[in-house]
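Engineer: run_16.cif is the file, holding mmCIF, C-alpha atoms and all ligand atoms:
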```
data_model
#
loop_
_atom_site.label_atom_id
_atom_site.label_comp_id
_atom_site.auth_asym_id
_atom_site.auth_seq_id
_atom_site.Cartn_x
_atom_site.Cartn_y
_atom_site.Cartn_z
CA MET E 1 0.00 0.00 0.00
CA SER E 2 1.42 3.40 -0.90
CA ARG E 3 2.13 5.85 1.88
CA ARG E 4 -0.10 8.38 0.21
CA PHE E 5 -2.95 5.91 0.32
CA LEU E 6 -2.26 5.21 3.98
CA VAL E 7 -2.23 8.91 4.72
CA ALA E 8 -5.50 9.33 2.83
CA LEU E 9 -6.97 6.38 4.68
CA GLY E 10 -5.74 7.79 7.99
CA GLY E 11 -7.33 11.07 7.06
CA ALA E 12 -10.63 9.45 6.25
CA VAL E 13 -10.65 7.55 9.54
CA LEU E 14 -9.70 10.70 11.39
CA ALA E 15 -12.35 12.74 9.61
CA LEU E 16 -14.95 10.14 10.52
CA SER E 17 -13.92 9.99 14.13
CA LEU E 18 -13.78 13.78 14.38
CA ALA E 19 -17.24 14.03 12.85
CA ALA E 20 -18.47 11.34 15.21
CA CYS E 21 -17.17 12.73 18.44
CA SER E 22 -16.36 16.39 18.41
CA GLY E 23 -17.30 18.03 15.19
CA GLU E 24 -13.87 19.65 15.35
CA GLY E 25 -12.56 20.62 11.93
CA ALA E 26 -9.23 21.42 10.33
CA GLY E 27 -7.23 24.16 11.95
CA SER E 28 -7.83 22.66 15.36
CA GLY E 29 -4.18 22.20 16.05
CA ASP E 30 -4.45 18.58 15.05
CA GLY E 31 -2.67 18.38 11.71
CA GLY E 32 -4.64 15.25 11.22
CA GLY E 33 -2.43 13.51 8.69
CA GLY E 34 -5.05 13.63 5.98
CA ASP E 35 -6.31 17.19 5.81
CA LYS E 36 -5.80 19.02 2.56
CA PRO E 37 -3.01 21.63 2.67
CA ALA E 38 -5.57 24.36 2.06
CA ASP E 39 -7.25 23.40 5.34
CA LEU E 40 -4.04 23.68 7.35
CA THR E 41 -2.44 26.80 8.76
CA ILE E 42 1.17 27.18 9.81
CA GLY E 43 1.94 29.97 12.24
CA VAL E 44 5.35 31.54 11.61
CA SER E 45 6.66 33.83 14.34
CA MET E 46 9.76 35.88 13.50
CA PRO E 47 11.64 38.19 15.88
CA THR E 48 12.17 41.43 13.98
CA GLN E 49 12.10 43.19 10.65
CA THR E 50 15.02 45.46 11.49
CA SER E 51 17.43 42.83 10.20
CA GLU E 52 17.04 41.82 6.58
CA ARG E 53 17.86 38.19 7.29
CA TRP E 54 14.66 37.65 9.29
CA ILE E 55 12.63 39.27 6.52
CA ALA E 56 14.22 36.87 4.04
CA ASP E 57 13.66 33.94 6.42
CA GLY E 58 9.99 34.83 6.93
CA ASN E 59 9.37 35.32 3.22
CA SER E 60 11.13 32.09 2.24
CA VAL E 61 9.19 29.99 4.74
CA LYS E 62 5.91 31.61 3.69
CA GLU E 63 6.54 31.24 -0.04
CA LYS E 64 7.62 27.61 0.26
CA LEU E 65 4.61 26.66 2.38
CA GLU E 66 2.18 28.55 0.17
CA ALA E 67 3.64 26.88 -2.90
CA LYS E 68 2.55 23.59 -1.32
CA GLY E 69 -0.93 24.98 -0.76
CA TYR E 70 -0.79 25.63 3.01
CA LYS E 71 -2.12 28.75 4.68
CA VAL E 72 0.51 30.79 6.49
CA ASP E 73 0.15 33.26 9.34
CA LEU E 74 3.48 35.14 9.36
CA GLN E 75 4.06 37.63 12.19
CA TYR E 76 7.01 39.81 13.20
CA ALA E 77 7.35 40.90 16.82
CA GLY E 78 9.50 44.04 16.53
CA ASP E 79 12.03 42.51 18.95
CA ASP E 80 9.46 42.94 21.73
CA ILE E 81 8.98 39.87 23.95
CA PRO E 82 5.34 40.56 25.02
CA THR E 83 4.41 41.15 21.36
CA GLN E 84 5.86 37.79 20.35
CA SER E 85 4.09 36.01 23.22
CA GLN E 86 0.82 37.63 22.21
CA GLN E 87 1.27 36.74 18.55
CA VAL E 88 1.99 33.11 19.38
CA ASP E 89 -1.00 33.00 21.77
CA GLN E 90 -3.18 34.26 18.97
CA MET E 91 -1.85 31.71 16.48
CA ILE E 92 -2.79 29.00 18.97
CA THR E 93 -6.29 30.30 19.62
CA GLN E 94 -6.86 30.75 15.91
CA GLY E 95 -6.13 27.06 15.42
CA ALA E 96 -2.67 26.87 13.88
CA ASP E 97 -1.71 23.32 12.99
CA VAL E 98 2.06 23.77 13.37
CA LEU E 99 4.14 26.61 14.81
CA ILE E 100 7.52 27.71 13.48
CA ILE E 101 9.13 30.13 15.93
CA ALA E 102 12.36 32.14 15.92
CA ALA E 103 12.32 33.41 19.50
CA ILE E 104 13.45 36.83 20.64
CA ASP E 105 14.20 35.57 24.14
CA GLY E 106 14.70 31.82 24.10
CA THR E 107 13.44 31.46 27.67
CA ALA E 108 10.28 33.55 27.46
CA LEU E 109 7.85 31.30 25.61
CA SER E 110 7.29 28.36 28.01
CA GLY E 111 3.65 29.38 28.68
CA GLN E 112 2.85 29.61 24.99
CA LEU E 113 4.53 26.29 24.30
CA GLN E 114 2.49 24.61 27.04
CA ALA E 115 -0.67 25.99 25.46
CA ALA E 116 0.51 24.69 22.08
CA ALA E 117 1.18 21.25 23.56
CA ASP E 118 -2.25 21.20 25.23
CA ALA E 119 -3.78 21.93 21.81
CA LYS E 120 -1.51 19.26 20.23
CA ILE E 121 0.26 21.79 18.03
CA PRO E 122 3.82 20.73 17.18
CA VAL E 123 6.44 23.45 17.68
CA ILE E 124 9.54 23.89 15.54
CA ALA E 125 12.23 26.21 16.89
CA TYR E 126 13.63 28.14 13.92
CA ASP E 127 17.35 28.95 14.09
CA ARG E 128 17.14 29.94 17.77
CA LEU E 129 16.51 27.17 20.28
CA ILE E 130 13.61 27.71 22.68
CA ARG E 131 14.81 26.83 26.17
CA ASP E 132 13.29 25.58 29.42
CA SER E 133 10.35 23.78 27.83
CA LYS E 134 9.64 20.13 27.08
CA ASN E 135 7.29 21.26 24.34
CA VAL E 136 9.84 22.02 21.64
CA ASP E 137 9.38 19.24 19.12
CA PHE E 138 12.13 19.98 16.62
CA TYR E 139 14.93 22.46 15.94
CA VAL E 140 16.20 23.62 12.55
CA SER E 141 19.40 25.64 12.54
CA PHE E 142 23.00 25.72 11.46
CA ASP E 143 25.99 24.27 13.24
CA ASN E 144 26.25 27.19 15.63
CA TYR E 145 29.44 26.10 17.42
CA LYS E 146 31.14 25.86 14.02
CA VAL E 147 29.94 29.40 13.21
CA GLY E 148 31.98 30.59 16.20
CA VAL E 149 34.99 28.53 15.14
CA ALA E 150 34.71 29.96 11.61
CA GLN E 151 34.48 33.54 12.91
CA ALA E 152 37.56 33.16 15.09
CA THR E 153 39.42 31.42 12.27
CA ALA E 154 38.55 34.30 9.92
CA LEU E 155 39.99 36.70 12.50
CA LEU E 156 43.22 34.66 12.69
CA VAL E 157 43.43 34.48 8.89
CA GLY E 158 42.77 38.21 8.54
CA LEU E 159 45.57 38.98 10.98
CA GLY E 160 47.93 36.53 9.24
CA LEU E 161 48.34 34.26 12.28
CA GLN E 162 46.84 31.37 10.36
CA ASN E 163 46.41 30.50 6.69
CA LYS E 164 43.08 29.52 5.16
CA ASP E 165 44.20 25.89 4.99
CA GLY E 166 44.73 25.89 8.77
CA SER E 167 48.53 26.06 8.62
CA LYS E 168 50.53 28.57 10.64
CA GLY E 169 50.52 32.05 9.13
CA SER E 170 53.50 34.32 8.59
CA ALA E 171 52.52 36.93 11.20
CA ALA E 172 53.53 36.55 14.81
CA GLY E 173 51.70 39.36 16.58
CA PRO E 174 51.14 40.36 19.27
CA PHE E 175 47.88 41.89 18.00
CA ASN E 176 45.38 43.90 20.02
CA ILE E 177 41.88 42.52 19.62
CA GLU E 178 38.46 43.11 21.15
CA LEU E 179 35.59 40.64 21.47
CA PHE E 180 31.85 41.01 20.97
CA ALA E 181 29.06 38.52 21.55
CA GLY E 182 25.35 38.48 20.72
CA SER E 183 22.31 38.74 22.98
CA LEU E 184 22.62 36.64 26.14
CA ASP E 185 18.98 35.52 25.89
CA ASP E 186 19.70 33.96 22.49
CA ASN E 187 21.04 30.43 22.88
CA ASN E 188 23.04 30.85 19.67
CA ALA E 189 25.11 33.68 21.14
CA HIS E 190 26.63 31.22 23.61
CA PHE E 191 27.43 28.63 20.95
CA PHE E 192 29.07 31.27 18.73
CA PHE E 193 31.15 32.64 21.60
CA ASP E 194 32.19 29.18 22.86
CA GLY E 195 33.30 28.12 19.38
CA ALA E 196 35.21 31.37 18.92
CA MET E 197 36.90 31.36 22.33
CA ASP E 198 37.97 27.71 22.06
CA THR E 199 39.67 28.70 18.79
CA LEU E 200 41.25 31.94 20.03
CA LYS E 201 42.37 30.70 23.45
CA PRO E 202 45.70 29.14 22.37
CA PHE E 203 46.61 32.42 20.65
CA ILE E 204 45.63 34.46 23.71
CA ASP E 205 47.58 32.05 25.92
CA ASN E 206 50.74 32.28 23.79
CA LYS E 207 50.32 36.06 23.68
CA SER E 208 50.04 36.47 19.91
CA LEU E 209 46.61 37.95 20.67
CA ARG E 210 45.90 40.39 23.45
CA VAL E 211 42.41 41.54 24.49
CA LYS E 212 43.59 44.96 25.59
CA SER E 213 40.39 45.89 27.47
CA GLY E 214 40.66 42.67 29.46
CA GLN E 215 36.97 42.00 28.68
CA THR E 216 36.82 38.32 27.79
CA ALA E 217 33.72 37.01 29.59
CA ILE E 218 30.57 36.72 27.52
CA GLU E 219 28.63 38.80 30.08
CA GLN E 220 31.10 41.66 29.52
CA VAL E 221 31.01 41.60 25.74
CA ALA E 222 27.38 40.65 24.95
CA ILE E 223 25.13 43.04 23.04
CA LEU E 224 21.47 42.92 24.10
CA ARG E 225 19.05 42.16 21.21
CA TRP E 226 21.99 42.21 18.78
CA GLN E 227 21.60 46.00 18.42
CA GLN E 228 23.94 47.78 16.00
CA GLU E 229 23.84 51.05 18.00
CA THR E 230 24.75 49.26 21.24
CA ALA E 231 27.74 47.68 19.53
CA GLN E 232 28.81 51.06 18.15
CA LYS E 233 28.59 52.59 21.63
CA ARG E 234 30.58 49.76 23.21
CA MET E 235 33.30 50.07 20.54
CA GLU E 236 33.45 53.84 21.14
CA ASP E 237 33.78 53.22 24.88
CA LEU E 238 36.53 50.65 24.30
CA LEU E 239 38.49 53.06 22.11
CA THR E 240 38.24 55.74 24.79
CA SER E 241 39.05 53.51 27.73
CA SER E 242 41.68 51.17 26.32
CA TYR E 243 43.21 52.83 23.24
CA ASN E 244 43.79 56.41 24.35
CA ASP E 245 47.52 55.76 24.74
CA GLY E 246 48.28 55.74 21.00
CA SER E 247 47.87 51.97 20.70
CA LYS E 248 45.65 50.58 17.94
CA VAL E 249 43.02 47.87 17.87
CA GLN E 250 43.91 45.42 15.11
CA GLY E 251 41.12 42.88 15.17
CA VAL E 252 37.52 42.65 16.34
CA LEU E 253 35.60 39.42 16.79
CA SER E 254 32.04 40.29 15.83
CA PRO E 255 29.38 37.57 15.72
CA TYR E 256 26.85 39.30 13.43
CA ASP E 257 27.00 41.73 10.48
CA GLY E 258 24.67 44.25 12.16
CA LEU E 259 27.09 44.52 15.09
CA SER E 260 30.03 44.66 12.69
CA ARG E 261 28.55 47.72 10.98
CA GLY E 262 28.17 49.49 14.34
CA ILE E 263 31.74 48.57 15.26
CA ILE E 264 33.04 49.77 11.88
CA THR E 265 31.19 53.09 12.24
CA ALA E 266 32.80 53.65 15.66
CA LEU E 267 36.22 52.80 14.22
CA GLN E 268 35.75 55.08 11.19
CA ASN E 269 34.60 57.94 13.43
CA ALA E 270 37.85 57.49 15.35
CA GLY E 271 39.89 57.75 12.14
CA TYR E 272 40.46 54.07 11.38
CA GLY E 273 40.40 53.13 7.70
CA ALA E 274 41.86 56.45 6.57
CA SER E 275 45.40 56.69 5.12
CA ALA E 276 47.93 54.72 7.18
CA ASN E 277 45.49 54.11 10.04
CA LYS E 278 44.42 50.61 8.99
CA MET E 279 40.90 49.31 9.58
CA PRO E 280 41.14 46.37 11.99
CA VAL E 281 40.15 42.89 10.83
CA VAL E 282 36.40 42.74 11.58
CA THR E 283 34.40 39.49 11.29
CA GLY E 284 30.65 39.01 10.90
CA GLN E 285 27.77 36.66 10.17
CA ASP E 286 24.70 36.40 7.92
CA ALA E 287 26.07 37.87 4.66
CA GLU E 288 23.75 40.86 4.98
CA ILE E 289 23.91 42.92 1.81
CA ALA E 290 25.23 46.11 3.43
CA SER E 291 28.07 44.08 4.94
CA VAL E 292 28.79 42.13 1.75
CA LYS E 293 29.35 45.52 0.12
CA LEU E 294 31.71 46.47 2.96
CA ILE E 295 33.63 43.23 2.38
CA ASN E 296 33.73 43.89 -1.35
CA ASP E 297 35.05 47.39 -0.62
CA GLY E 298 37.75 45.99 1.68
CA VAL E 299 36.29 47.53 4.86
CA GLN E 300 34.93 44.42 6.64
CA SER E 301 37.13 41.36 6.46
CA SER E 302 34.67 38.43 6.36
CA THR E 303 31.22 37.14 7.13
CA ILE E 304 29.73 33.71 7.73
CA PHE E 305 27.17 32.75 5.13
CA LYS E 306 24.20 30.76 6.35
CA ASP E 307 21.89 30.01 3.45
CA THR E 308 18.49 30.95 4.86
CA ARG E 309 16.83 29.47 1.78
CA LEU E 310 18.01 26.03 2.93
CA LEU E 311 16.94 26.73 6.51
CA ALA E 312 13.47 27.70 5.35
CA GLU E 313 13.37 24.52 3.28
CA GLN E 314 14.21 22.40 6.35
CA ALA E 315 11.54 24.16 8.42
CA VAL E 316 9.00 23.39 5.71
CA ILE E 317 10.09 19.73 5.50
CA ALA E 318 9.82 19.40 9.29
CA GLY E 319 6.46 21.18 9.37
CA GLU E 320 5.09 18.95 6.66
CA ALA E 321 6.28 15.82 8.47
CA PHE E 322 4.36 16.88 11.58
CA LEU E 323 1.28 17.61 9.49
CA GLN E 324 1.51 14.05 8.21
CA ASP E 325 1.84 12.73 11.78
CA LYS E 326 5.47 11.77 11.24
CA ASP E 327 8.63 12.75 13.09
CA PRO E 328 10.92 14.94 11.02
CA GLN E 329 14.31 13.50 10.28
CA ALA E 330 17.03 14.82 12.58
CA ASN E 331 20.75 14.84 11.83
CA ASP E 332 21.74 15.75 15.40
CA THR E 333 20.17 14.31 18.54
CA LYS E 334 22.91 15.21 21.04
CA THR E 335 23.90 18.85 20.93
CA TYR E 336 20.87 20.97 21.69
CA ASP E 337 19.84 20.46 25.29
CA ASN E 338 17.34 23.20 26.06
CA GLY E 339 17.59 22.75 29.82
CA VAL E 340 14.74 20.23 29.95
CA LYS E 341 15.46 17.86 27.08
CA VAL E 342 17.70 17.34 24.10
CA VAL E 343 15.77 18.65 21.11
CA PRO E 344 16.15 16.64 17.90
CA SER E 345 17.72 18.96 15.37
CA TYR E 346 18.51 19.40 11.72
CA LEU E 347 21.71 21.42 11.40
CA LEU E 348 22.97 22.94 8.17
CA PRO E 349 26.61 23.71 7.31
CA VAL E 350 28.04 27.22 7.19
CA GLN E 351 30.59 28.89 4.95
CA THR E 352 33.12 31.65 5.53
CA VAL E 353 33.01 34.42 2.93
CA TYR E 354 36.04 36.62 2.29
CA LYS E 355 36.12 39.11 -0.59
CA ASP E 356 37.16 36.44 -3.11
CA ASP E 357 34.21 34.25 -2.16
CA ILE E 358 31.51 36.83 -2.86
CA LYS E 359 31.15 35.89 -6.52
CA PRO E 360 31.30 32.09 -6.31
CA VAL E 361 29.35 31.71 -3.07
CA LEU E 362 26.84 34.57 -2.98
CA ILE E 363 26.37 35.83 -6.54
CA ASP E 364 26.64 32.58 -8.48
CA SER E 365 24.17 30.88 -6.13
CA GLY E 366 21.66 33.68 -6.68
CA TYR E 367 21.70 34.82 -3.03
CA TRP E 368 22.66 38.36 -4.05
CA THR E 369 23.12 39.89 -7.50
CA ALA E 370 26.30 41.67 -8.55
CA ASP E 371 24.30 44.93 -8.61
CA GLU E 372 23.11 44.44 -5.06
CA VAL E 373 26.66 43.80 -3.89
CA LYS E 374 27.80 46.97 -5.62
CA SER E 375 25.04 49.14 -4.16
CA GLY E 376 24.83 47.42 -0.77
CA GLN E 377 21.07 47.29 -1.07
CA ALA E 378 18.65 44.43 -1.58
CA LYS E 379 16.37 44.89 -4.56
CA GLY E 380 13.68 42.73 -2.94
C1 LIG V 1 21.05 34.78 15.78
C2 LIG V 1 21.31 34.16 14.44
C3 LIG V 1 22.35 34.97 13.70
C4 LIG V 1 21.96 36.43 13.65
C5 LIG V 1 21.53 36.95 15.00
C6 LIG V 1 20.97 38.35 14.94
O1 LIG V 1 20.12 34.03 16.48
O2 LIG V 1 21.76 32.83 14.58
O3 LIG V 1 22.51 34.45 12.41
O4 LIG V 1 20.93 36.60 12.71
O5 LIG V 1 20.58 36.09 15.59
O6 LIG V 1 19.81 38.41 14.20
#
```
Now that the file is in, can you turn its structure into structure tokens?
Structural biologist:
Amino acid sequence: MSRRFLVALGGAVLALSLAACSGEGAGSGDGGGGDKPADLTIGVSMPTQTSERWIADGNSVKEKLEAKGYKVDLQYAGDDIPTQSQQVDQMITQGADVLIIAAIDGTALSGQLQAAADAKIPVIAYDRLIRDSKNVDFYVSFDNYKVGVAQATALLVGLGLQNKDGSKGSAAGPFNIELFAGSLDDNNAHFFFDGAMDTLKPFIDNKSLRVKSGQTAIEQVAILRWQQETAQKRMEDLLTSSYNDGSKVQGVLSPYDGLSRGIITALQNAGYGASANKMPVVTGQDAEIASVKLINDGVQSSTIFKDTRLLAEQAVIAGEAFLQDKDPQANDTKTYDNGVKVVPSYLLPVQTVYKDDIKPVLIDSGYWTADEVKSGQAKG
């Protein structure tokens, strides 16, 4: 018997039993295995529209689900935790059949997730793990520890301490560097920082790298809500407090392009990047178009490309599996402990992008056009 037939049969049985006992229809939070896509709604909750990546993520997930005939309720929460809680509550009461959530604060949605579980709505955590809840059914993301390793490696390569093939570089240092991390309430920020610090530690220990401010704990270097302006302000403060003796900062570990742009603005305002006053090696993440332009122009050193089209695809595959009463296929069942349970995950690979990689990795794959890279603006 074909699986499709079984699903159809399951659906018929389910429809009969629903009709017999409750009269409950599609959109009840019970995907039902046999409902037509047009009768099923997927709630997609995204954190913010201030960063272009989340707009692209939201659009990709929506387009891919709609192409399969599903209804999609896509909401952005303006980086406001109560707004996101409210939006998810509403998706539940309006009878979503699956939820796909990229949380603002990974610890703030336990109540919503309990309500989802009570209504039998499967929950997929999108890129950011939702913590402290047993009701996270699946996680789609990238290998976040490796993102941190790749960022630190790009910093070492940019400074010449290491070559791209991993061999020892020709520079010896010591180099002055400063460290930044993401928002402490985002699980990813910790994975990025751990991966980066494990990679940088030997170089800090052998003194080829020196964090001149002395700020090396994640609590000291984290930027709440990944805000560009906060990163700019912290970089300005660092320049005033630790580099007012004529010394120069030569490298900055930045975990996200938005922060990198704030850091670069602070550095430029202080005269870096003009004549002999070299711009430090600044890393990034997400291949945001404004930052890809900065890399192309030789201002930012690198970014980490995470293909959000593939992430959206995985979220759709996982969502569809739940709608068919199946468990999505995980490729990692060990790494992502959310404090209550290890959440089965599908992790995608990441790629470092230096200037030379822009064409082969970003333009040739259709992620950005050559015109967009030149202008630094997405055409949409
Ligand atoms: C993280 C995500 C990064 C970056 C950051 C700021 O959760 O993994 O890729 O987008 O949020 O938005």
Engineer: Calculated over all atoms listed in the file, which of the candidates E:Lys164, E:Lys306, E:Lys64, E:Lys207 has the smallest distance to ligand LIG 1 (chain V)?
Structural biologist: E:Lys306
Engineer: Check which residues of chain E sit at most 6 Å from ligand LIG 1 (chain V) using only C-alpha atoms and all ligand atoms, and return one row each with the closest pair of atoms and their distance in Å to one decimal, ordered by chain and rising number, as a tab-separated table.
Structural biologist:
```
residue	atom	partner	partner_atom	distance
E:Asp127	CA	V:LIG1	O2	5.9
E:Arg128	CA	V:LIG1	O1	5.2
E:Asn188	CA	V:LIG1	O1	5.4
E:Trp226	CA	V:LIG1	C6	5.5
E:Tyr256	CA	V:LIG1	C4	5.7
E:Asp286	CA	V:LIG1	O3	5.4
```
Engineer: Grab the CA of Leu253 (chain E) to CA of Val281 (chain E) distance for me, in Å with one decimal place.
Structural biologist: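 Pair CA of Leu253 (chain E) / CA of Val281 (chain E) returns 8.3 Å.
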Engineer: Compare E:Arg53, E:Lys374, E:Lys248, E:Arg210 by their minimum atom-to-atom distance to Phe305 (chain E), counting all atoms listed in the file, and give me the closest one.
Structural biologist: E:Arg53
Engineer: To one decimal place in Å, what is the distance between CA of Asp105 (chain E) and CA of Ser301 (chain E)?
Structural biologist: 29.5 Å
Engineer: Near Ile42 (chain E), counting only C-alpha atoms, which residues have an atom at most 9 Å away, once you skip same-chain residues fewer than 6 positions from it, shown as a compact mmCIF listing (two decimals) with C-alpha atoms, in the coordinates of the input?
Structural biologist:
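The resulting file, around_6.txt, is reproduced below:
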```txt
# COMPACT_ATOMS: atom_id res chain seq x y z
CA LYS E 62 5.91 31.61 3.69
CA LEU E 65 4.61 26.66 2.38
CA TYR E 70 -0.79 25.63 3.01
CA LYS E 71 -2.12 28.75 4.68
CA VAL E 72 0.51 30.79 6.49
CA ASP E 73 0.15 33.26 9.34
CA LEU E 74 3.48 35.14 9.36
CA MET E 91 -1.85 31.71 16.48
CA ALA E 96 -2.67 26.87 13.88
CA ASP E 97 -1.71 23.32 12.99
CA VAL E 98 2.06 23.77 13.37
CA LEU E 99 4.14 26.61 14.81
CA ILE E 100 7.52 27.71 13.48
CA GLY E 319 6.46 21.18 9.37
```
Engineer: Out of E:Thr48, E:Gln75, E:Gln324, E:Gln94, which residue has the shortest atom-to-atom distance to Pro122 (chain E) when counting only C-alpha atoms?
Structural biologist: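 That would be E:Gln324, the residue with the smallest distance to Pro122 (chain E).
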Engineer: Mind running region 246-312 of chain E against region 142-150 of chain E at 9 Å and telling me each contacting residue's nearest atom pair with the distance in Å (one decimal), counting only C-alpha atoms, chain and number ascending, as CSV?
Structural biologist:
```
residue,atom,partner,partner_atom,distance
E:Pro255,CA,E:Gly148,CA,7.5
E:Gln285,CA,E:Val147,CA,8.2
E:Ile304,CA,E:Val147,CA,7.0
E:Lys306,CA,E:Phe142,CA,7.3
E:Leu311,CA,E:Phe142,CA,7.9
```
Engineer: Looking at only C-alpha atoms, which of E:Val292, E:Ala103, E:Ile55, E:Met197 is the one that sits closest to Gln87 (chain E)?
Structural biologist: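 Closest candidate: E:Ala103.
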Engineer: Between E:Glu178, E:Ala231, E:Tyr243, E:Ser183, which has the minimum distance to Gln215 (chain E) (counting only C-alpha atoms)?
Structural biologist: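 Looking at the shortest contact to Gln215 (chain E), the residue is E:Glu178.
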Engineer: So, counting all atoms listed in the file, which residue among E:Asp185, E:Asp337, E:Asp332, E:Asp57 is closest to Leu224 (chain E)?
Structural biologist: E:Asp185
Engineer: Enter the distance from CA of Asp165 (chain E) to CA of Tyr367 (chain E), in Å, rounded to one decimal.
Structural biologist: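 So the two atoms, CA of Asp165 (chain E) and CA of Tyr367 (chain E), lie 25.5 Å apart.
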Engineer: May I have the residues at most 8 Å from (21.0, 22.8, 9.1) in the file's coordinates, counting only C-alpha atoms, as a list in words?
Structural biologist: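 Output: Val140, Ser141, Phe142, Asp143, Leu310, Leu311, Gln314, Tyr346, Leu347, Leu348 and Pro349 of chain E.
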Engineer: Within 9 Å of Leu156 (chain E), counting all atoms listed in the file, which residues show up once you throw out same-chain ones fewer than 2 positions away? Write them as a PyMOL selection string, please.
Structural biologist: chain E and resi 151-154+158-163+169+200+203+251+281
Engineer: Kindly export the residues of the current selection with C-alpha atoms, as a PDB file, in the coordinates of the input.
Structural biologist:
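Output saved as result-v3.pdb:
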```pdb
ATOM      1  CA  GLN E 151      34.480  33.540  12.910  1.00  0.00           C
ATOM      2  CA  ALA E 152      37.560  33.160  15.090  1.00  0.00           C
ATOM      3  CA  THR E 153      39.420  31.420  12.270  1.00  0.00           C
ATOM      4  CA  ALA E 154      38.550  34.300   9.920  1.00  0.00           C
ATOM      5  CA  GLY E 158      42.770  38.210   8.540  1.00  0.00           C
ATOM      6  CA  LEU E 159      45.570  38.980  10.980  1.00  0.00           C
ATOM      7  CA  GLY E 160      47.930  36.530   9.240  1.00  0.00           C
ATOM      8  CA  LEU E 161      48.340  34.260  12.280  1.00  0.00           C
ATOM      9  CA  GLN E 162      46.840  31.370  10.360  1.00  0.00           C
ATOM     10  CA  ASN E 163      46.410  30.500   6.690  1.00  0.00           C
ATOM     11  CA  GLY E 169      50.520  32.050   9.130  1.00  0.00           C
ATOM     12  CA  LEU E 200      41.250  31.940  20.030  1.00  0.00           C
ATOM     13  CA  PHE E 203      46.610  32.420  20.650  1.00  0.00           C
ATOM     14  CA  GLY E 251      41.120  42.880  15.170  1.00  0.00           C
ATOM     15  CA  VAL E 281      40.150  42.890  10.830  1.00  0.00           C
TER      16      VAL E 281
END
```
Engineer: Could you give me, as a ChimeraX atom specification, the residues within 9 Å of Ile223 (chain E), counting only C-alpha atoms and dropping anything in the same chain fewer than 5 positions from it?
Structural biologist: /E:180-184,228,230-231,234,259
Engineer: Could you write those residues out with C-alpha atoms, as a PDB file, keeping the file's coordinate frame?
Structural biologist:
```
ATOM      1  CA  PHE E 180      31.850  41.010  20.970  1.00  0.00           C
ATOM      2  CA  ALA E 181      29.060  38.520  21.550  1.00  0.00           C
ATOM      3  CA  GLY E 182      25.350  38.480  20.720  1.00  0.00           C
ATOM      4  CA  SER E 183      22.310  38.740  22.980  1.00  0.00           C
ATOM      5  CA  LEU E 184      22.620  36.640  26.140  1.00  0.00           C
ATOM      6  CA  GLN E 228      23.940  47.780  16.000  1.00  0.00           C
ATOM      7  CA  THR E 230      24.750  49.260  21.240  1.00  0.00           C
ATOM      8  CA  ALA E 231      27.740  47.680  19.530  1.00  0.00           C
ATOM      9  CA  ARG E 234      30.580  49.760  23.210  1.00  0.00           C
ATOM     10  CA  LEU E 259      27.090  44.520  15.090  1.00  0.00           C
TER      11      LEU E 259
END
```
Engineer: Write out as a ChimeraX atom specification the residues lying within 7 Å of Ser260 (chain E), counting only C-alpha atoms and excluding same-chain residues fewer than 4 positions away.
Structural biologist: /E:254,256,264,282-284
Engineer: Using only C-alpha atoms, which residues sit within 12 Å of Val249 (chain E) once same-chain residues fewer than 2 positions away are excluded, as a CSV table (one decimal) with C-alpha atoms, keeping the file's coordinate frame?
Structural biologist:
```csv
chain,number,residue,atom,x,y,z
E,159,LEU,CA,45.6,39.0,11.0
E,174,PRO,CA,51.1,40.4,19.3
E,175,PHE,CA,47.9,41.9,18.0
E,176,ASN,CA,45.4,43.9,20.0
E,177,ILE,CA,41.9,42.5,19.6
E,178,GLU,CA,38.5,43.1,21.2
E,179,LEU,CA,35.6,40.6,21.5
E,209,LEU,CA,46.6,38.0,20.7
E,210,ARG,CA,45.9,40.4,23.4
E,211,VAL,CA,42.4,41.5,24.5
E,212,LYS,CA,43.6,45.0,25.6
E,213,SER,CA,40.4,45.9,27.5
E,235,MET,CA,33.3,50.1,20.5
E,236,GLU,CA,33.4,53.8,21.1
E,238,LEU,CA,36.5,50.6,24.3
E,239,LEU,CA,38.5,53.1,22.1
E,240,THR,CA,38.2,55.7,24.8
E,242,SER,CA,41.7,51.2,26.3
E,243,TYR,CA,43.2,52.8,23.2
E,244,ASN,CA,43.8,56.4,24.4
E,245,ASP,CA,47.5,55.8,24.7
E,246,GLY,CA,48.3,55.7,21.0
E,247,SER,CA,47.9,52.0,20.7
E,251,GLY,CA,41.1,42.9,15.2
E,252,VAL,CA,37.5,42.6,16.3
E,253,LEU,CA,35.6,39.4,16.8
E,263,ILE,CA,31.7,48.6,15.3
E,264,ILE,CA,33.0,49.8,11.9
E,266,ALA,CA,32.8,53.6,15.7
E,267,LEU,CA,36.2,52.8,14.2
E,270,ALA,CA,37.8,57.5,15.4
E,271,GLY,CA,39.9,57.8,12.1
E,272,TYR,CA,40.5,54.1,11.4
E,273,GLY,CA,40.4,53.1,7.7
E,277,ASN,CA,45.5,54.1,10.0
E,278,LYS,CA,44.4,50.6,9.0
E,279,MET,CA,40.9,49.3,9.6
E,280,PRO,CA,41.1,46.4,12.0
E,281,VAL,CA,40.2,42.9,10.8
E,282,VAL,CA,36.4,42.7,11.6
```
